[in-house]
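Structure first, then comments.
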Amino acid sequence: MSSTREKLIELLASQANTFVSGQWLSNQLQLSRTAVWKQIKQLEADGYRFQAVPNKGYRLIETPKKVSENTLFWGLSTKWLGKVIDHYEEISSTQIIASQHAQSGGQEGLVVVAEKQTAGKGRLNRAWDSNHHNGVWLSFILRPNLIPSHAPQLTLLTATVLARTIEKLTGVKPSIKWPNDILLNDRKIAGILTEMQAEQDAIHHVIIGIGININHKESDFDASIMKRATSLALETDKQYDKRVFIQTLLELFEGQYEAFLSHGFTPVKASWESYAYRFCDVVHYKAGKERAKGKIIGIASDGALMIEDALGNTKHLHSAEIDW
Ligand code: BT5
């Protein structure tokens, strides 16, 4: 994004709902009034709408629904998350690009967003179906001062934030299927991929990748997942503004992450358990080669799922698949 354009949007955003004069903008941007007018025309061509009144100036009345660095920036009230946004119409995977940024010194809070991914990644080399524009596919960089063994807490924190975002925007309460699936009506609506680069006792960076199906129709899904996947639109019969979804997600994440760094994992655990899929229910699961069943009784501070077996013994599962 050109920095003049970025500054212009920032200035207009800071004066939301009031008129700003062309002269004031030209002083702030150190541009001629004609140059300011040209920039405004370019924003209009991108879908921004202004009210222009002689002797009063310009008032921004609408930002485009389209997701772009500009539109995401408009109205985003975070302090550090999303202050740098790298947006692509099509990319292999936002996770790969965010990881490249992190390795070359990209700052904490840098967000990579794509309209389409041609090689979206799930965990354990699974594919994430995201080669169409109806979802939100994004990754961001964190540089937390945590011991590496506590990194799974970040996945659980992200899951609670994602669940809250969905609940806030749709009014429907999703559930979290351990460790990283968000379900609505027992179908997967979102997934989280957490990747970390660390030494024995220090994290260099963590990339949090989030994929959520927003405006998909059933036929938008690959046949292999059609029966198990869903979208916000399918579940609520409404279309959602992806820009608003991303902004709400980033704002909630920033607040919850800061609270987690200050107050620890206990509030995250409570929030996670309030959304847990089949909490206190007996489930069947597969851990390695073992197939077993047990009651979900909570999560441990290292992110493990706690299961109580029929004899009343508690097991901590670090890697397992819970049956649906
Ligand atoms: C996940 O993996 O759920 C993590 C997904 C993370 C995706 C984001 S998008 C932005 C960022 N960039 C990336 O490249 N990735 C991240 P996992 O738990 O392994 O689940 C993968 C399984 O979910 C697949 O094997 C399918 O069964 C199912 N699946 C694939 N695409 C789906 C979709 N769009 N909606 C629902 N389920 C899907």
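Note on naming: chains are A, B, ... as they come in the structure tokens, residues start from 1 per chain, ligands start from 1 in the order shown.
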If you count only C-alpha atoms, which residues fall within 12 Å of A:Val84, apart from same-chain ones fewer than 2 positions away, as a VMD selection string?
chain A and resid 1 3 6 69 to 70 72 to 73 76 78 to 82 86 to 87 98 101 106 to 113 140 to 141
Output file for the selection above: C-alpha atoms, as a CSV table (one decimal), in the first residue's frame:
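Output below, filename out-v8.csv:
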```csv
chain,number,residue,atom,x,y,z
A,1,MET,CA,0.0,0.0,0.0
A,3,SER,CA,2.1,5.2,2.4
A,6,GLU,CA,-2.4,4.6,4.1
A,69,GLU,CA,-5.0,-3.9,3.2
A,70,ASN,CA,-6.9,-0.6,3.0
A,72,LEU,CA,-9.0,-4.0,6.8
A,73,PHE,CA,-7.1,-1.0,8.2
A,76,LEU,CA,-9.5,-1.7,13.1
A,78,THR,CA,-6.1,-3.0,17.7
A,79,LYS,CA,-2.8,-1.6,19.1
A,80,TRP,CA,-0.4,-4.1,17.5
A,81,LEU,CA,-2.2,-6.9,15.8
A,82,GLY,CA,-2.8,-6.2,12.1
A,86,ASP,CA,0.0,-8.4,3.8
A,87,HIS,CA,-3.0,-9.2,1.6
A,98,ALA,CA,3.8,-15.5,7.4
A,101,HIS,CA,8.1,-12.9,7.1
A,106,GLY,CA,8.7,-9.6,10.6
A,107,GLN,CA,7.2,-7.9,13.6
A,108,GLU,CA,4.8,-9.5,16.1
A,109,GLY,CA,1.2,-8.9,14.9
A,110,LEU,CA,2.0,-9.0,11.2
A,111,VAL,CA,-1.0,-10.6,9.5
A,112,VAL,CA,-1.1,-12.4,6.1
A,113,VAL,CA,-4.6,-12.7,4.5
A,140,PHE,CA,-0.2,-14.0,12.0
A,141,ILE,CA,3.1,-13.8,13.8
```
Name the residues, by chain letter and number, that sit within 8 Å of ligand 1 using only C-alpha atoms and all ligand atoms, and give them as a PyMOL selection string.
chain A and resi 92-96+113+117+119-130+135-139+179-181+187-193+208-213+221+224-225+228-231
Mind checking which residues fall within 12 Å of A:Glu44, counting only C-alpha atoms, ignoring those fewer than 3 positions away in the same chain, and posting them as a list of chain:residue names?
A:Ile9, A:Trp37, A:Lys38, A:Gln39, A:Ile40, A:Lys41, A:Gly47, A:Tyr48, A:Arg49, A:Phe50, A:Gln51, A:Ala52, A:Tyr58, A:Leu60, A:Ile61, A:Glu62, A:Thr63, A:Pro64
Determine which residues of stretch 129-175 of chain A receive a DSSP assignment of helix (DSSP H, G or I), computed from the backbone, and state them as a ChimeraX atom specification.
/A:148-150,152-170
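Take atom CA of A:Pro148 and atom CA of A:Glu195: the distance between them is 11.2 Å.
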Near A:Thr170, within 8 Å and counting only C-alpha atoms, which residues show up once chain neighbours fewer than 2 positions away are dropped, as a list in words?
Ile166, Glu167, Lys168, Val172, Leu232 and Thr236 of chain A
Output of the above residues as an mmCIF file, in the first residue's frame, restricted to C-alpha atoms:
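File written: selection_32.cif
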```cif
data_model
loop_
_atom_site.group_PDB
_atom_site.id
_atom_site.type_symbol
_atom_site.label_atom_id
_atom_site.label_comp_id
_atom_site.auth_asym_id
_atom_site.auth_seq_id
_atom_site.Cartn_x
_atom_site.Cartn_y
_atom_site.Cartn_z
ATOM 1 C CA ILE A 166 -18.495 -16.502 15.806
ATOM 2 C CA GLU A 167 -20.852 -16.160 18.753
ATOM 3 C CA LYS A 168 -20.584 -12.363 18.736
ATOM 4 C CA VAL A 172 -24.962 -18.893 17.687
ATOM 5 C CA LEU A 232 -21.575 -19.336 8.817
ATOM 6 C CA THR A 236 -27.506 -18.973 9.831
#
```
So which residues of stretch 20-245 of chain A fall under strand (DSSP E) by DSSP, listed as JSON, numbers by chain?
{"A": [49, 50, 51, 52, 53, 57, 58, 59, 60, 61, 62, 85, 86, 87, 88, 89, 90, 91, 111, 112, 113, 114, 115, 116, 117, 135, 136, 137, 138, 139, 140, 141, 142, 175, 176, 177, 181, 182, 183, 184, 187, 188, 189, 190, 191, 192, 193, 194, 195, 196, 197, 198, 203, 204, 205, 206, 207, 208, 209, 210, 211, 212, 213]}
Atoms to include: C-alpha atoms. Write the selected residues as a CSV table (one decimal), in the first residue's frame.
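After the write, out-v3.csv holds the following:
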```csv
chain,number,residue,atom,x,y,z
A,49,ARG,CA,-17.8,6.6,-0.6
A,50,PHE,CA,-17.4,10.2,0.5
A,51,GLN,CA,-19.8,13.0,1.1
A,52,ALA,CA,-18.1,16.1,-0.3
A,53,VAL,CA,-19.6,19.5,0.7
A,57,GLY,CA,-14.6,19.1,2.9
A,58,TYR,CA,-14.9,15.3,2.9
A,59,ARG,CA,-16.6,12.8,5.1
A,60,LEU,CA,-16.0,9.1,4.6
A,61,ILE,CA,-19.4,7.4,4.8
A,62,GLU,CA,-18.7,3.9,3.6
A,85,ILE,CA,-1.2,-6.5,6.8
A,86,ASP,CA,0.0,-8.4,3.8
A,87,HIS,CA,-3.0,-9.2,1.6
A,88,TYR,CA,-3.1,-11.5,-1.5
A,89,GLU,CA,-5.9,-12.4,-3.9
A,90,GLU,CA,-4.3,-15.8,-4.3
A,91,ILE,CA,-1.4,-17.4,-2.6
A,111,VAL,CA,-1.0,-10.6,9.5
A,112,VAL,CA,-1.1,-12.4,6.1
A,113,VAL,CA,-4.6,-12.7,4.5
A,114,ALA,CA,-5.5,-14.4,1.3
A,115,GLU,CA,-8.8,-14.5,-0.6
A,116,LYS,CA,-7.8,-17.9,-2.0
A,117,GLN,CA,-5.1,-20.5,-1.1
A,135,GLY,CA,-13.7,-18.0,3.6
A,136,VAL,CA,-11.3,-16.1,5.8
A,137,TRP,CA,-7.8,-17.5,5.5
A,138,LEU,CA,-5.2,-15.8,7.6
A,139,SER,CA,-2.0,-16.3,9.6
A,140,PHE,CA,-0.2,-14.0,12.0
A,141,ILE,CA,3.1,-13.8,13.8
A,142,LEU,CA,3.4,-14.0,17.6
A,175,SER,CA,-18.3,-25.8,20.2
A,176,ILE,CA,-14.6,-26.5,20.3
A,177,LYS,CA,-13.5,-30.1,19.5
A,181,ASP,CA,-11.7,-27.8,15.4
A,182,ILE,CA,-14.6,-25.3,15.7
A,183,LEU,CA,-17.9,-26.9,15.1
A,184,LEU,CA,-21.4,-25.5,14.5
A,187,ARG,CA,-20.0,-29.8,11.5
A,188,LYS,CA,-16.5,-28.2,11.1
A,189,ILE,CA,-16.6,-24.5,10.4
A,190,ALA,CA,-13.1,-23.5,11.3
A,191,GLY,CA,-9.6,-24.9,12.0
A,192,ILE,CA,-6.4,-23.6,13.6
A,193,LEU,CA,-2.9,-24.5,12.7
A,194,THR,CA,-0.2,-23.4,15.2
A,195,GLU,CA,3.4,-23.7,14.0
A,196,MET,CA,6.4,-22.7,16.1
A,197,GLN,CA,10.1,-22.1,15.7
A,198,ALA,CA,11.9,-22.5,19.1
A,203,ILE,CA,10.2,-19.5,21.4
A,204,HIS,CA,11.5,-17.5,18.4
A,205,HIS,CA,8.1,-17.1,16.9
A,206,VAL,CA,4.7,-18.8,16.5
A,207,ILE,CA,2.5,-18.6,13.4
A,208,ILE,CA,-1.2,-18.9,14.2
A,209,GLY,CA,-3.1,-19.9,11.1
A,210,ILE,CA,-6.9,-19.6,11.1
A,211,GLY,CA,-9.3,-20.9,8.4
A,212,ILE,CA,-13.0,-20.3,8.7
A,213,ASN,CA,-15.8,-21.0,6.2
```
